[in-house]
Structure formats: C-alpha cells, structure tokens
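Below is model24.cif, holding mmCIF, C-alpha atoms and all ligand atoms.
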```
data_entry
loop_
_atom_site.label_atom_id
_atom_site.label_comp_id
_atom_site.auth_asym_id
_atom_site.auth_seq_id
_atom_site.Cartn_x
_atom_site.Cartn_y
_atom_site.Cartn_z
CA MET O 751 -54.13 175.99 -75.95
CA ASN O 752 -52.02 177.23 -73.05
CA THR O 753 -49.29 179.50 -74.38
CA ARG O 754 -46.16 180.84 -72.69
CA SER O 755 -45.12 184.37 -73.54
CA TYR O 756 -43.52 187.61 -72.43
CA ALA O 757 -45.93 190.51 -71.99
CA ALA O 758 -46.04 194.12 -70.93
CA MET O 759 -48.79 194.22 -68.29
CA ALA O 760 -49.12 198.02 -68.57
CA ALA O 761 -47.70 200.85 -70.66
CA LYS O 762 -44.02 201.71 -70.23
CA THR O 763 -43.30 198.70 -68.00
CA ASP O 764 -40.80 195.86 -68.34
CA LEU O 765 -41.96 192.70 -70.06
CA VAL O 766 -42.58 189.72 -67.75
CA PRO O 767 -43.46 186.02 -68.21
CA PHE O 768 -47.19 185.60 -68.95
CA GLN O 769 -49.49 182.72 -69.84
CA PHE O 770 -52.72 182.83 -71.84
CA ASP O 771 -54.90 180.58 -74.01
CA ARG O 772 -54.82 180.66 -77.80
CA ARG O 773 -57.88 179.51 -79.73
CA GLU O 774 -58.24 175.94 -80.99
CA ILE O 775 -57.46 175.64 -84.70
CA GLY O 776 -60.37 176.03 -87.10
CA ALA O 777 -60.76 174.35 -90.50
CA HIS O 778 -58.62 176.97 -92.28
CA ASP O 779 -56.06 177.50 -89.51
CA VAL O 780 -52.58 176.17 -88.95
CA ALA O 781 -50.86 175.83 -85.58
CA LEU O 782 -47.15 176.46 -85.29
CA ASP O 783 -44.40 176.21 -82.75
CA ILE O 784 -42.62 179.56 -82.79
CA LEU O 785 -38.85 179.07 -82.80
CA PHE O 786 -37.61 182.63 -83.27
CA SER O 787 -39.28 186.00 -82.84
CA GLY O 788 -37.69 189.31 -83.84
CA ILE O 789 -37.80 192.52 -81.81
CA CYS O 790 -39.00 195.42 -83.98
CA HIS O 791 -38.77 199.03 -82.83
CA SER O 792 -42.55 199.16 -83.43
CA ASP O 793 -42.89 196.76 -80.46
CA ILE O 794 -41.10 199.29 -78.28
CA HIS O 795 -43.16 202.24 -79.58
CA GLN O 796 -46.37 200.36 -78.74
CA VAL O 797 -45.33 199.12 -75.29
CA ASN O 798 -44.45 202.74 -74.50
CA GLU O 799 -47.71 204.05 -76.07
CA GLU O 800 -45.73 206.32 -78.37
CA TRP O 801 -48.40 205.78 -81.04
CA GLY O 802 -51.33 206.41 -78.67
CA PRO O 803 -53.31 204.26 -76.22
CA ALA O 804 -52.56 200.52 -76.46
CA LEU O 805 -54.10 197.25 -75.19
CA PHE O 806 -52.59 195.52 -72.14
CA PRO O 807 -51.49 192.91 -71.26
CA MET O 808 -49.59 193.14 -74.56
CA VAL O 809 -47.60 190.27 -76.04
CA PRO O 810 -45.60 192.03 -78.78
CA GLY O 811 -43.88 190.38 -81.72
CA HIS O 812 -44.66 190.36 -85.43
CA GLU O 813 -41.55 188.74 -86.87
CA ILE O 814 -42.41 185.11 -86.34
CA ALA O 815 -40.58 182.07 -87.71
CA GLY O 816 -41.57 178.55 -86.78
CA VAL O 817 -42.67 175.09 -87.83
CA VAL O 818 -46.20 173.87 -88.50
CA THR O 819 -47.43 171.38 -85.89
CA LYS O 820 -51.08 170.92 -86.87
CA VAL O 821 -53.36 171.84 -89.78
CA GLY O 822 -57.14 172.32 -89.94
CA SER O 823 -59.32 170.01 -92.04
CA SER O 824 -59.56 172.42 -95.01
CA VAL O 825 -55.94 173.62 -95.08
CA SER O 826 -54.20 173.12 -98.43
CA LYS O 827 -51.25 175.55 -98.31
CA PHE O 828 -49.29 173.96 -95.43
CA LYS O 829 -48.54 170.56 -93.97
CA VAL O 830 -47.12 169.47 -90.62
CA GLY O 831 -43.35 170.10 -90.51
CA ASP O 832 -43.34 173.05 -92.95
CA ARG O 833 -41.27 176.10 -92.07
CA ILE O 834 -43.71 178.98 -91.71
CA GLY O 835 -43.57 182.74 -91.22
CA VAL O 836 -46.06 185.24 -89.79
CA GLY O 837 -45.67 189.00 -90.06
CA VAL O 838 -47.39 192.20 -88.99
CA PHE O 839 -51.01 191.21 -89.67
CA VAL O 840 -53.04 188.02 -89.26
CA ASP O 841 -56.18 188.88 -91.21
CA SER O 842 -58.03 191.59 -93.16
CA CYS O 843 -61.48 192.04 -94.73
CA ARG O 844 -60.57 189.97 -97.85
CA THR O 845 -63.20 191.78 -99.96
CA CYS O 846 -61.97 195.35 -100.54
CA ASP O 847 -60.00 196.29 -103.67
CA ASN O 848 -56.70 196.33 -101.78
CA CYS O 849 -57.25 192.91 -100.23
CA LYS O 850 -58.22 191.47 -103.61
CA ALA O 851 -55.05 193.00 -105.07
CA GLY O 852 -52.91 191.35 -102.38
CA LEU O 853 -52.27 194.66 -100.61
CA GLN O 854 -53.82 193.52 -97.34
CA GLN O 855 -51.67 195.99 -95.37
CA TYR O 856 -53.79 198.77 -96.90
CA CYS O 857 -57.15 197.02 -96.30
CA ALA O 858 -60.06 199.49 -96.39
CA GLU O 859 -61.24 198.15 -93.01
CA SER O 860 -57.65 198.12 -91.68
CA MET O 861 -55.47 195.07 -91.44
CA THR O 862 -55.91 192.93 -88.33
CA GLY O 863 -52.64 193.39 -86.45
CA THR O 864 -50.67 190.50 -85.00
CA TYR O 865 -50.94 192.16 -81.56
CA ASN O 866 -52.22 195.33 -79.84
CA GLY O 867 -55.66 195.06 -81.42
CA LEU O 868 -58.73 192.87 -81.64
CA GLU O 869 -59.00 189.87 -83.94
CA ARG O 870 -61.75 189.94 -86.56
CA ASP O 871 -64.28 188.49 -84.11
CA GLY O 872 -64.14 191.95 -82.51
CA LYS O 873 -63.47 190.62 -79.01
CA THR O 874 -60.32 188.47 -78.82
CA VAL O 875 -57.19 190.50 -78.06
CA ALA O 876 -54.51 189.50 -80.56
CA MET O 877 -51.35 188.24 -78.86
CA GLY O 878 -48.08 188.39 -80.75
CA GLY O 879 -44.93 186.43 -81.31
CA TYR O 880 -42.97 186.69 -78.05
CA SER O 881 -44.53 183.31 -77.32
CA ASN O 882 -44.01 179.63 -77.97
CA TYR O 883 -47.16 178.81 -79.94
CA PHE O 884 -49.34 180.51 -82.59
CA VAL O 885 -52.53 179.89 -84.57
CA ILE O 886 -53.22 181.61 -87.88
CA ASN O 887 -55.45 181.34 -90.92
CA GLU O 888 -53.36 179.75 -93.68
CA ASP O 889 -53.97 182.64 -96.11
CA TYR O 890 -52.03 185.04 -93.88
CA ALA O 891 -48.88 182.95 -93.37
CA VAL O 892 -45.97 182.35 -95.73
CA HIS O 893 -43.45 179.63 -96.58
CA ILE O 894 -39.81 180.01 -95.53
CA PRO O 895 -37.14 178.83 -98.01
CA GLU O 896 -35.36 175.67 -96.85
CA ASN O 897 -31.83 177.05 -97.29
CA LEU O 898 -32.15 179.97 -94.85
CA PRO O 899 -31.55 179.82 -91.06
CA LEU O 900 -34.79 180.56 -89.20
CA GLU O 901 -33.23 183.06 -86.76
CA GLY O 902 -32.01 185.20 -89.67
CA VAL O 903 -35.38 184.88 -91.40
CA ALA O 904 -37.60 186.04 -88.52
CA PRO O 905 -36.76 189.76 -89.01
CA LEU O 906 -37.59 189.48 -92.71
CA LEU O 907 -41.27 189.15 -91.74
CA CYS O 908 -41.36 192.85 -90.83
CA ALA O 909 -38.00 194.60 -91.30
CA GLY O 910 -37.37 192.73 -94.55
CA ILE O 911 -40.68 193.28 -96.29
CA THR O 912 -40.92 196.88 -95.05
CA LEU O 913 -37.83 197.77 -97.08
CA TYR O 914 -38.32 195.33 -99.97
CA SER O 915 -41.72 196.82 -100.84
CA PRO O 916 -40.68 200.49 -101.29
CA ILE O 917 -37.44 199.42 -102.97
CA LYS O 918 -39.55 197.63 -105.60
CA HIS O 919 -42.19 200.36 -105.79
CA TRP O 920 -39.68 203.19 -106.33
CA ASN O 921 -37.59 201.11 -108.77
CA VAL O 922 -34.37 201.10 -106.78
CA GLY O 923 -31.91 199.36 -109.09
CA PRO O 924 -29.04 199.83 -111.55
CA GLY O 925 -28.23 203.47 -112.29
CA LYS O 926 -30.05 204.71 -109.18
CA LYS O 927 -28.43 206.35 -106.17
CA VAL O 928 -30.24 205.42 -102.98
CA ALA O 929 -29.59 206.54 -99.42
CA VAL O 930 -30.70 204.59 -96.36
CA MET O 931 -31.25 206.72 -93.25
CA GLY O 932 -30.50 204.79 -90.04
CA LEU O 933 -28.62 201.49 -89.89
CA GLY O 934 -30.89 199.56 -87.55
CA GLY O 935 -33.17 196.56 -88.08
CA LEU O 936 -35.01 198.05 -91.06
CA GLY O 937 -32.08 200.06 -92.41
CA HIS O 938 -29.69 197.14 -92.68
CA MET O 939 -32.26 195.20 -94.70
CA GLY O 940 -32.65 198.29 -96.92
CA VAL O 941 -28.91 198.19 -97.58
CA LYS O 942 -28.90 194.48 -98.39
CA PHE O 943 -31.89 194.68 -100.76
CA SER O 944 -30.73 197.88 -102.50
CA VAL O 945 -27.33 196.32 -103.09
CA ALA O 946 -28.93 193.12 -104.40
CA MET O 947 -31.06 195.20 -106.79
CA GLY O 948 -27.90 196.80 -108.22
CA ALA O 949 -28.22 200.37 -106.91
CA GLU O 950 -25.44 202.61 -105.61
CA VAL O 951 -26.06 202.64 -101.88
CA THR O 952 -25.15 205.24 -99.24
CA VAL O 953 -25.86 204.88 -95.52
CA LEU O 954 -26.73 208.09 -93.64
CA SER O 955 -26.09 207.32 -89.97
CA HIS O 956 -25.61 209.17 -86.71
CA SER O 957 -23.43 206.29 -85.42
CA PRO O 958 -19.93 206.57 -86.99
CA SER O 959 -18.98 203.22 -85.41
CA LYS O 960 -21.30 201.43 -87.86
CA GLU O 961 -19.27 202.34 -90.95
CA LYS O 962 -17.35 199.05 -91.14
CA ASP O 963 -20.54 197.00 -90.82
CA ALA O 964 -22.37 199.09 -93.44
CA LEU O 965 -19.60 198.54 -95.97
CA ALA O 966 -19.47 194.82 -95.10
CA MET O 967 -23.20 194.64 -95.89
CA GLY O 968 -22.39 195.95 -99.35
CA ALA O 969 -23.05 199.69 -98.96
CA HIS O 970 -20.81 201.73 -101.27
CA HIS O 971 -20.61 204.84 -99.07
CA PHE O 972 -21.12 205.74 -95.43
CA VAL O 973 -21.93 209.29 -94.34
CA SER O 974 -21.91 210.36 -90.70
CA THR O 975 -24.73 212.86 -90.25
CA ASN O 976 -23.21 214.21 -87.02
CA ASP O 977 -21.12 216.51 -89.19
CA SER O 978 -23.67 219.00 -90.58
CA SER O 979 -21.39 219.93 -93.51
CA VAL O 980 -22.29 216.61 -95.17
CA PHE O 981 -25.72 217.98 -96.05
CA LYS O 982 -24.12 220.63 -98.29
CA LYS O 983 -21.60 218.16 -99.67
CA HIS O 984 -24.26 215.63 -100.74
CA GLU O 985 -26.90 218.14 -101.84
CA LYS O 986 -29.07 216.97 -104.80
CA GLU O 987 -27.36 213.55 -104.91
CA PHE O 988 -29.97 210.83 -104.39
CA ASP O 989 -32.87 209.51 -106.45
CA VAL O 990 -34.46 207.80 -103.46
CA ILE O 991 -33.96 208.21 -99.71
CA LEU O 992 -35.36 205.50 -97.45
CA ASN O 993 -35.96 207.01 -93.99
CA THR O 994 -35.97 204.26 -91.37
CA VAL O 995 -35.11 206.49 -88.40
CA SER O 996 -37.21 205.78 -85.32
CA ALA O 997 -36.68 209.23 -83.76
CA GLU O 998 -37.70 212.78 -84.59
CA LEU O 999 -35.33 214.70 -86.84
CA ASP O 1000 -35.11 217.68 -89.20
CA ILE O 1001 -36.52 216.17 -92.39
CA ASN O 1002 -35.67 219.28 -94.43
CA GLN O 1003 -31.94 218.64 -94.25
CA TYR O 1004 -32.56 215.26 -95.84
CA LEU O 1005 -34.94 216.60 -98.51
CA SER O 1006 -32.10 218.82 -99.71
CA LEU O 1007 -30.15 215.66 -100.57
CA LEU O 1008 -32.70 214.61 -103.20
CA ARG O 1009 -31.96 215.28 -106.84
CA GLN O 1010 -34.56 216.48 -109.38
CA ASP O 1011 -37.79 214.44 -109.05
CA GLY O 1012 -36.34 212.42 -106.18
CA THR O 1013 -38.44 210.87 -103.42
CA LEU O 1014 -37.88 210.58 -99.71
CA VAL O 1015 -39.82 207.56 -98.49
CA VAL O 1016 -40.93 207.77 -94.88
CA ILE O 1017 -40.81 204.35 -93.21
CA GLY O 1018 -39.77 205.15 -89.63
CA LEU O 1019 -42.69 206.07 -87.39
CA PRO O 1020 -41.55 208.18 -84.44
CA GLY O 1021 -45.13 209.12 -83.63
CA LYS O 1022 -44.63 212.89 -83.95
CA PRO O 1023 -45.26 214.96 -87.12
CA TYR O 1024 -42.40 216.27 -89.27
CA ALA O 1025 -42.20 220.01 -89.98
CA VAL O 1026 -41.72 220.18 -93.76
CA GLU O 1027 -40.33 223.28 -95.50
CA VAL O 1028 -42.39 223.31 -98.68
CA GLY O 1029 -39.59 225.18 -100.43
CA ALA O 1030 -37.45 222.07 -100.13
CA LEU O 1031 -40.13 220.13 -102.06
CA LEU O 1032 -40.87 222.76 -104.73
CA ASN O 1033 -37.23 223.23 -105.57
CA GLY O 1034 -36.47 220.16 -107.68
CA ARG O 1035 -40.07 218.84 -107.83
CA ARG O 1036 -39.25 216.53 -104.94
CA SER O 1037 -41.72 214.18 -103.24
CA ILE O 1038 -42.27 212.68 -99.85
CA GLY O 1039 -43.81 209.20 -99.96
CA GLY O 1040 -44.71 206.64 -97.35
CA SER O 1041 -44.74 202.86 -97.26
CA MET O 1042 -46.10 200.33 -94.79
CA ILE O 1043 -44.85 196.71 -94.68
CA GLY O 1044 -46.14 194.66 -97.67
CA GLY O 1045 -48.99 192.33 -98.65
CA ILE O 1046 -48.97 188.55 -98.49
CA PRO O 1047 -47.97 187.90 -102.15
CA GLU O 1048 -45.06 190.36 -101.86
CA LEU O 1049 -44.07 188.87 -98.48
CA GLN O 1050 -43.71 185.46 -100.16
CA GLU O 1051 -41.91 187.03 -103.14
CA MET O 1052 -39.45 188.73 -100.77
CA LEU O 1053 -38.72 185.47 -98.91
CA ASP O 1054 -38.18 183.63 -102.19
CA PHE O 1055 -35.86 186.45 -103.32
CA CYS O 1056 -33.92 186.04 -100.05
CA GLY O 1057 -33.72 182.28 -100.60
CA ASN O 1058 -32.34 182.81 -104.12
CA HIS O 1059 -29.85 185.52 -103.07
CA ASN O 1060 -28.95 184.05 -99.66
CA ILE O 1061 -30.11 187.15 -97.82
CA VAL O 1062 -30.96 187.09 -94.11
CA SER O 1063 -30.90 189.62 -91.31
CA ASP O 1064 -27.79 190.05 -89.16
CA VAL O 1065 -29.07 188.96 -85.78
CA GLU O 1066 -28.17 188.78 -82.13
CA VAL O 1067 -30.09 185.79 -80.75
CA ILE O 1068 -31.13 186.38 -77.15
CA LYS O 1069 -32.88 184.57 -74.32
CA ALA O 1070 -36.29 185.85 -73.27
CA ASP O 1071 -35.00 187.28 -70.00
CA TYR O 1072 -32.83 189.68 -72.06
CA ILE O 1073 -35.83 191.33 -73.82
CA ASN O 1074 -35.89 194.42 -71.58
CA THR O 1075 -32.16 194.98 -72.02
CA ALA O 1076 -32.59 194.49 -75.77
CA TYR O 1077 -35.26 197.23 -75.74
CA THR O 1078 -32.89 199.63 -73.98
CA ARG O 1079 -30.08 198.83 -76.39
CA THR O 1080 -32.34 199.22 -79.45
CA VAL O 1081 -33.52 202.66 -78.31
CA ALA O 1082 -29.86 203.59 -77.89
CA SER O 1083 -29.21 202.56 -81.55
CA ASP O 1084 -27.05 199.73 -80.19
CA VAL O 1085 -28.53 196.81 -82.13
CA LYS O 1086 -26.41 194.69 -84.48
CA TYR O 1087 -28.73 194.61 -86.35
CA ARG O 1088 -31.82 192.84 -85.01
CA PHE O 1089 -32.47 191.18 -81.67
CA VAL O 1090 -34.19 187.83 -82.12
CA ILE O 1091 -35.66 185.87 -79.21
CA ASP O 1092 -34.96 182.16 -79.03
CA THR O 1093 -38.53 181.36 -77.96
CA SER O 1094 -37.52 178.03 -76.39
CA THR O 1095 -36.24 180.21 -73.51
CA ILE O 1096 -39.69 181.66 -72.75
P1 LIG T 1101 -34.05 200.39 -84.99
O1 LIG T 1101 -33.48 199.03 -85.21
O2 LIG T 1101 -34.02 200.96 -83.64
O3 LIG T 1101 -33.29 201.37 -86.02
C1 LIG T 1101 -33.54 202.74 -86.05
C2 LIG T 1101 -32.24 203.48 -86.42
O4 LIG T 1101 -32.54 204.86 -86.51
C3 LIG T 1101 -31.15 203.38 -85.39
O5 LIG T 1101 -30.39 202.21 -85.45
C4 LIG T 1101 -30.33 204.59 -85.74
O6 LIG T 1101 -29.47 204.32 -86.84
C5 LIG T 1101 -31.38 205.59 -86.20
N1 LIG T 1101 -31.69 206.54 -85.11
C6 LIG T 1101 -32.26 206.25 -83.91
N2 LIG T 1101 -32.36 207.34 -83.15
C7 LIG T 1101 -31.86 208.37 -83.89
C8 LIG T 1101 -31.70 209.75 -83.67
N3 LIG T 1101 -32.05 210.31 -82.50
N4 LIG T 1101 -31.19 210.50 -84.67
C9 LIG T 1101 -30.81 209.95 -85.83
N5 LIG T 1101 -30.93 208.62 -86.09
C10 LIG T 1101 -31.45 207.85 -85.15
O7 LIG T 1101 -35.57 200.44 -85.45
P2 LIG T 1101 -36.32 199.58 -86.58
O8 LIG T 1101 -36.91 198.37 -85.97
O9 LIG T 1101 -35.44 199.49 -87.75
O10 LIG T 1101 -37.55 200.55 -86.89
C11 LIG T 1101 -37.32 201.86 -87.42
C12 LIG T 1101 -38.61 202.65 -87.45
O11 LIG T 1101 -39.46 202.10 -88.47
C13 LIG T 1101 -39.43 202.59 -86.17
O12 LIG T 1101 -39.99 203.88 -85.94
C14 LIG T 1101 -40.51 201.58 -86.48
O13 LIG T 1101 -41.67 201.74 -85.71
C15 LIG T 1101 -40.77 201.86 -87.92
N6 LIG T 1101 -41.38 200.77 -88.68
C16 LIG T 1101 -42.16 201.10 -89.73
C17 LIG T 1101 -42.72 200.11 -90.51
C18 LIG T 1101 -43.54 200.46 -91.70
O14 LIG T 1101 -44.30 199.61 -92.17
N7 LIG T 1101 -43.41 201.65 -92.25
C19 LIG T 1101 -42.48 198.77 -90.21
C20 LIG T 1101 -41.67 198.46 -89.13
C21 LIG T 1101 -41.11 199.46 -88.37
P3 LIG T 1101 -27.96 204.95 -86.88
O15 LIG T 1101 -27.33 204.51 -85.60
O16 LIG T 1101 -27.37 204.32 -88.09
O17 LIG T 1101 -28.12 206.43 -87.01
ZN ZN T 1102 -42.17 195.68 -87.22
ZN ZN T 1103 -59.70 194.64 -97.13
#
```

Produce structure tokens that represent the structure in this file.
Amino acid sequence: MNTRSYAAMAAKTDLVPFQFDRREIGAHDVALDILFSGICHSDIHQVNEEWGPALFPMVPGHEIAGVVTKVGSSVSKFKVGDRIGVGVFVDSCRTCDNCKAGLQQYCAESMTGTYNGLERDGKTVAMGGYSNYFVINEDYAVHIPENLPLEGVAPLLCAGITLYSPIKHWNVGPGKKVAVMGLGGLGHMGVKFSVAMGAEVTVLSHSPSKEKDALAMGAHHFVSTNDSSVFKKHEKEFDVILNTVSAELDINQYLSLLRQDGTLVVIGLPGKPYAVEVGALLNGRRSIGGSMIGGIPELQEMLDFCGNHNIVSDVEVIKADYINTAYTRTVASDVKYRFVIDTSTI
C-alpha cells in the first residue's frame, strides 16, 4: 500500500516528504489510518545517529494514534472504526520468558522497533509513524479510551508509558517524595502520573520559565537547577528521582539528593556514559536503576488509567512541514510539552 511520510534520507539531515509501500495486511494484522504522531526526542537522537549507526531513509515516529480501517481474517482484538495506538515496538519473539510475562520491551531477542531496524522477516526496514498509514499485528497494538482526544493520546504511546512503568515499579505514591528531572515530553508525563498516584512531586529543571506550567500540571515544588546551591538545600530529600534529561549532565549532584535507600531511575538516553562517583551511592545505600518504555499489557493499563483520570499529554499540534523546526525547538528545551504531527498534512 502506497504510504506518504516524512523521512530523513541520511543522518543529520532535514526530514523531507517520502513515499514507500507498506505490506498488505496478513491474517493477524490490522491496518490503520494514522491521525496523530508524536515527536519523541529519541527520534531526534536516531536521525542524528547519536545512538550509533542508523538505517536510512528513516521514517521516525513511535507515538501513533489512529483509527482501524481494515482487519485480517483472524483478527479478534480490533474491528474497523476502533481507535488504536502503536508505540515503540511492533513485534518481539513471543516465546522468551519476558515476552510471555508481557515485558516485550525486554525480549531476549530484542524487541522489533517501530522504525530504524528490520522487521522480524529480517529484511523489511521498519518505517515509523510520521506517515498516513500503518499495518501491525493485532497483538502489538492497543485500544484508546473513547473519552480522550487522539492528539493528546499519541504521546502516551511512548512518553506516557515510559514514565508510568517506573512510577509503578518503584512504588511512587502517597508518602513518597519524587523528583522529575527535565520538564519535556517524558518529564511532564512523569509529573502528571506521580501527582495522580498521590506522591509529593518536585520538578528539577534548567528552564526557570517552566515553573508556572509545572505547578499547573500539579507539581508541588519547582527547583531551578541553574542555581547550584539548590543541590545542598535539597540534599537527601527524595525517595525516587526520575531522570528524563536528554543531555549529558553531572549525575553525582543528583545522586546527592536521594535519601537513604533512594533510587535514581535513568530514563533519558543522551548516548554518552555517566561518570558515577561511587561514594555518592555507598553513602545512603543509594541505587541507580534504569527503565525502558513498557510492555503491551502495561501500555493498555496506562491508557485505561489515563481514560479514568482524564490524563493526556499537553501538546502543540503541528503540520508536517514544521517537523524540522520542531526538532530544533525540542533540542533547545522549547517544547510545550510534546509536538504532535497532524498526519493529514503529510
Ligand atoms: P525532551 O522533550 O526534549 O525533554 C528533555 C528535557 O531535558 C528538556 O525539556 C529539558 O527540561 C531537559 N534538558 C535538555 N537539555 C538539558 C541540559 N543540557 N541540561 C539540563 N537539562 C536539559 O525529550 P523527551 O522526548 O522527553 O526524551 C527525554 C530523553 O528520554 C531522551 O534522551 C529520549 O531519547 C529518552 N527516552 C527514553 C525512553 C526509555 O524507554 N527509557 C523512552 C523515550 C525517550 P528542562 O527545560 O525542564 O530542564
Ligand atoms: Zn520515544
Ligand atoms: Zn521475547
């Protein structure tokens, strides 16, 4: 099926209009018209090869919200007209312990990414969501609650689940003090979920102008990290720190903010290693953890939670010809708080 998209034709270049063919639907596949597609900072890292060599032409996009247009003969989970979401992966081995446990993101053979990789046939280059049409196996797509606007839902498919999963895993809730580092696409979802779970929430940001927005999202405190004295002031304060920062930074300053047995969860992926002072870990039995998106059952759970609590991402809906500007603004931490492409403009 001929598909319109925006693609990077080579590393570190602007995205341009691009057409390619998607496969016909198989018995277990559904076809969808994409209506909205979020721009994740991971898209930018990969276009710029900040995580290593990538596949080009690359159609990024793994925050996909749309409507089912066709179902294969054996499909039971979806019907034509359903609202449907696709996230960061489109398949996995299905047989390893993690896949069987619904943790497909940690598949022993690696998840099959929505773009910048090969599909499970080992030869088709996966093309992502900056496009008007998609085909996916029904087991790797999720239902979108009827009461939520699709443009606000698209970012939940990556930014949302990526914060929901560690927030659940590290028991962020009543009586816990949590700090969210970086108020961008991921960070603002971390604030919304932590608040909904009943925790006391602090935003650690290098953009003082975001204070008003952070408090409007429900954060209880806002700390500008440009003033280095705040690291002394808030020493040993937090049970959990969720690090969503996309750039390199001194992680040790942030470790000092953890209280006894606290955990700093690394979520941002700048592509360069952190230099960790082990003394900062030993003192207070602190931990560094990591978390990557979430599996299909948790993705559905998160969307249902959002439906019940009326949670969506704060979005700036853009036309496709604004993608390159949106990239520049995101890198400059000037995103309020997720760019979402209206894919009818592709
Ligand atoms: P984003 O919207 O650009 O937000 C990143 C935020 O980090 C910025 O808004 C900014 O917040 C802060 N920041 C940026 N540069 C900084 C600097 N030089 N110093 C201090 N703070 C800085 O990005 P995103 O889409 O949320 O993604 C964040 C990171 O998570 C990316 O590296 C992405 O690849 C990664 N990611 C990981 C997963 C996973 O599964 N673990 C999933 C998706 C994305 P302030 O202005 O508030 O300081
Ligand atoms: Zn993402
Ligand atoms: Zn597996």

Ala1025 in chain O surroundings by only C-alpha atoms, 12 Å radius, close-in-sequence under 5 positions cut, as a list in words: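 Contacts, in chain order: Glu998, Leu999, Asp1000, Ile1001, Asn1002, Gln1003, Leu1005 and Ala1030 of chain O.
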
Neighbour list for Val1085 in chain O as number ranges by chain, cut-off 10 Å, all atoms listed in the file, skip fewer than 6 positions in-chain: O: 933-935, 1064-1066, 1076-1079

12 Å shell around ligand ZN 1103 (chain T) using all atoms listed in the file, listed as a list of chain:residue names: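 Checked against 12 Å with all atoms listed in the file; the hits are O:Phe839, O:Asp841, O:Ser842, O:Cys843, O:Arg844, O:Thr845, O:Cys846, O:Asp847, O:Asn848, O:Cys849, O:Lys850, O:Ala851, O:Gly852, O:Leu853, O:Gln854, O:Gln855, O:Tyr856, O:Cys857, O:Ala858, O:Glu859, O:Ser860, O:Met861, O:Thr862, O:Arg870, O:Gly1045.
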
Please report as a Markdown table every residue of chain O lying within 10 Å of ligand ZN 1102 (chain T), along with the nearest atom pair and their distance in Å (one decimal), using only C-alpha atoms and all ligand atoms.
```
| residue | atom | partner | partner_atom | distance |
| --- | --- | --- | --- | --- |
| O:Gly788 | CA | T:ZN1102 | ZN | 8.5 |
| O:Ile789 | CA | T:ZN1102 | ZN | 7.6 |
| O:Cys790 | CA | T:ZN1102 | ZN | 4.5 |
| O:His791 | CA | T:ZN1102 | ZN | 6.5 |
| O:Ser792 | CA | T:ZN1102 | ZN | 5.2 |
| O:Asp793 | CA | T:ZN1102 | ZN | 6.9 |
| O:Ile794 | CA | T:ZN1102 | ZN | 9.7 |
| O:Pro810 | CA | T:ZN1102 | ZN | 9.8 |
| O:Gly811 | CA | T:ZN1102 | ZN | 7.8 |
| O:His812 | CA | T:ZN1102 | ZN | 6.1 |
| O:Glu813 | CA | T:ZN1102 | ZN | 7.0 |
| O:Gly837 | CA | T:ZN1102 | ZN | 8.1 |
| O:Val838 | CA | T:ZN1102 | ZN | 6.5 |
| O:Pro905 | CA | T:ZN1102 | ZN | 8.2 |
| O:Leu906 | CA | T:ZN1102 | ZN | 9.5 |
| O:Leu907 | CA | T:ZN1102 | ZN | 8.0 |
| O:Cys908 | CA | T:ZN1102 | ZN | 4.7 |
| O:Ala909 | CA | T:ZN1102 | ZN | 5.9 |
| O:Gly910 | CA | T:ZN1102 | ZN | 9.2 |
| O:Ile911 | CA | T:ZN1102 | ZN | 9.5 |
| O:Thr912 | CA | T:ZN1102 | ZN | 8.0 |
| O:Gly935 | CA | T:ZN1102 | ZN | 9.1 |
| O:Leu936 | CA | T:ZN1102 | ZN | 8.5 |
| O:Met1042 | CA | T:ZN1102 | ZN | 9.7 |
| O:Ile1043 | CA | T:ZN1102 | ZN | 8.0 |
```

Contact residues around Gln1050 in chain O with only C-alpha atoms at 7 Å, ignoring same-chain residues under 4 positions, as a list in words: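 That gives Val892, His893, Ile1046 and Asp1054 of chain O.
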
Kindly complete range 1063-1077 of chain O to N, CA and C atoms; the output should be written as a tab-separated table (two decimals), keeping the file's coordinate frame.
```
chain	number	residue	atom	x	y	z
O	1063	SER	N	-31.23	188.52	-92.21
O	1063	SER	CA	-30.90	189.62	-91.31
O	1063	SER	C	-29.68	189.26	-90.48
O	1064	ASP	N	-28.88	190.26	-90.12
O	1064	ASP	CA	-27.79	190.05	-89.16
O	1064	ASP	C	-28.41	190.11	-87.77
O	1065	VAL	N	-28.30	189.03	-87.03
O	1065	VAL	CA	-29.07	188.96	-85.78
O	1065	VAL	C	-28.20	188.70	-84.56
O	1066	GLU	N	-28.72	189.12	-83.43
O	1066	GLU	CA	-28.17	188.78	-82.13
O	1066	GLU	C	-29.27	187.96	-81.46
O	1067	VAL	N	-29.06	186.64	-81.35
O	1067	VAL	CA	-30.09	185.79	-80.75
O	1067	VAL	C	-29.99	185.91	-79.23
O	1068	ILE	N	-31.13	186.14	-78.60
O	1068	ILE	CA	-31.13	186.38	-77.15
O	1068	ILE	C	-32.11	185.43	-76.45
O	1069	LYS	N	-31.91	185.28	-75.15
O	1069	LYS	CA	-32.88	184.57	-74.32
O	1069	LYS	C	-33.98	185.55	-73.93
O	1070	ALA	N	-35.14	184.99	-73.56
O	1070	ALA	CA	-36.29	185.85	-73.27
O	1070	ALA	C	-36.02	186.82	-72.12
O	1071	ASP	N	-35.21	186.39	-71.15
O	1071	ASP	CA	-35.00	187.28	-70.00
O	1071	ASP	C	-34.09	188.47	-70.35
O	1072	TYR	N	-33.66	188.54	-71.62
O	1072	TYR	CA	-32.83	189.68	-72.06
O	1072	TYR	C	-33.68	190.72	-72.82
O	1073	ILE	N	-34.99	190.45	-72.98
O	1073	ILE	CA	-35.83	191.33	-73.82
O	1073	ILE	C	-35.76	192.79	-73.36
O	1074	ASN	N	-35.85	193.02	-72.05
O	1074	ASN	CA	-35.89	194.42	-71.58
O	1074	ASN	C	-34.56	195.13	-71.84
O	1075	THR	N	-33.46	194.40	-71.69
O	1075	THR	CA	-32.16	194.98	-72.02
O	1075	THR	C	-32.07	195.25	-73.52
O	1076	ALA	N	-32.61	194.32	-74.31
O	1076	ALA	CA	-32.59	194.49	-75.77
O	1076	ALA	C	-33.38	195.74	-76.17
O	1077	TYR	N	-34.48	196.00	-75.47
O	1077	TYR	CA	-35.26	197.23	-75.74
O	1077	TYR	C	-34.39	198.46	-75.48
```
